[in-house]
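**Q** Just passing along the structure, written as structure tokens.
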Amino acid sequence: MYSCGTPDLGTRWSQGPRLPFPISHFTTAGRYLIGGDSTSVDYLNTNIYFDGTDYVLKSPLEIDSIPIPLKSSCSAFDGIRVFLFGGYAAGPTSFAFMYDPGTDSWSDIGPMPYSTYGCSAAHAAGEIHIMAGNGSKEHYVYIPSSDTFISKPPSLYTHDYGCAVAVGTEIYLIGGENDLVEVYDINTNTWSEKARLGLWLRGHACVEYDGLIYVFGGEMENGEINTQVFRYDPATDVWEAVAEIPTPRAFLGAFVYGNTIHVVGGVDDNGNRTRVDEVFVPPSPIQ
């Protein structure tokens, strides 16, 4: 089910600090933006962190002093560490890495069981779920405490350049060269379909805020950039459009900071990679 809200351009957006350089196709884990494409090089191994005021560069992705440039990886943050999976480097990869902010260092935890890029990942119940990408329906869980990968039921559909977000013990897999939405229930170990987004998207960004899911940007099936911000209520299985993005972008990132959502980087509707950070204040749900 989908309902159309009233676009809100002015009152809910403000300008955040600019990224260090134009970037797209990076992966976002918490407040970390890792890898991606820039205008100066094909793929990056950079690690950009939002410190609450500005963006700073942390230790780049490298193992034994060897840089590992990647784009279109998927990642998750468990509240302490960053976990990164797959990515494109002259083809799909089975890379798996962990970043420890305490030591500002990377370690190799791979390989993971399948090669992918344009995948989705989410953290829930102490585990990292890695899903889909590269035309697959694969679904694995990485358990940090035992450093193991465990096979889980595959998703119902493929989701290339989709996004995943956890709400409690449920993981929502949204879009990805389709408008499909499905949810994995950790307790029952099963997938089920939910209300469609109503718009074919890829390269969009999604976050959970206050129990609701927000979807930003993305490329539509006709190649144009989606201008809408969509919100999903898991309790009612209803999507609604709640705002428009001042600078529409695809292959972007988003993260929650305080009571705001930062919508960062990406490719604009002129095909240019951006340094944009636009800060969104979510509206209160209609009671």
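To be explicit about the labels: the chains of the structure tokens are called A, B, and onward in the order shown, and within each one the residues are counted from 1, while ligands get numbers from 1 in the order they are shown.
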Any chance you could list, as a ChimeraX atom specification, the residues in region 83-180 of chain A that come up strand (DSSP E or B) when DSSP is run on the backbone?
**A** /A:83-85,88,92-93,96-100,105-108,116,120-124,127-133,136-143,148-151,163-167,170-174,178
**Q** Need the shell around Glu193 (chain A): protein/DNA/RNA residues with any atom at most 7 Å away, counting only C-alpha atoms. Skip same-chain ones fewer than 5 positions apart. Format as a count of residues only?
**A** 3
**Q** Can you build me a table of region 53-171 of chain A residues sitting at most 10 Å from region 234-252 of chain A, with the closest atom pair per residue and its distance in Å to one decimal, using only C-alpha atoms, sorted by chain and residue number, as CSV?
**A**
residue,atom,partner,partner_atom,distance
A:Ser72,CA,A:Phe251,CA,8.6
A:Gly118,CA,A:Phe251,CA,9.9
A:Tyr161,CA,A:Phe251,CA,8.2
A:Gly162,CA,A:Phe251,CA,9.9
A:Val167,CA,A:Pro234,CA,8.3
A:Glu170,CA,A:Pro234,CA,9.6
**Q** If we count only C-alpha atoms, what is near Thr28 (chain A) at a cut-off of 12 Å, once residues fewer than 3 positions away on the same chain are taken out, given as an MDAnalysis selection string?
**A** chainID A and resid 24:25 31:36 46:50 71:77 82:85 120:122 163:165 204:207 251:256 262:266
**Q** What does the structure give for the distance between CA of Gly198 (chain A) and CA of Leu156 (chain A), in Å to one decimal?
**A**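 Calculated distance between CA of Gly198 (chain A) and CA of Leu156 (chain A) is 17.7 Å.
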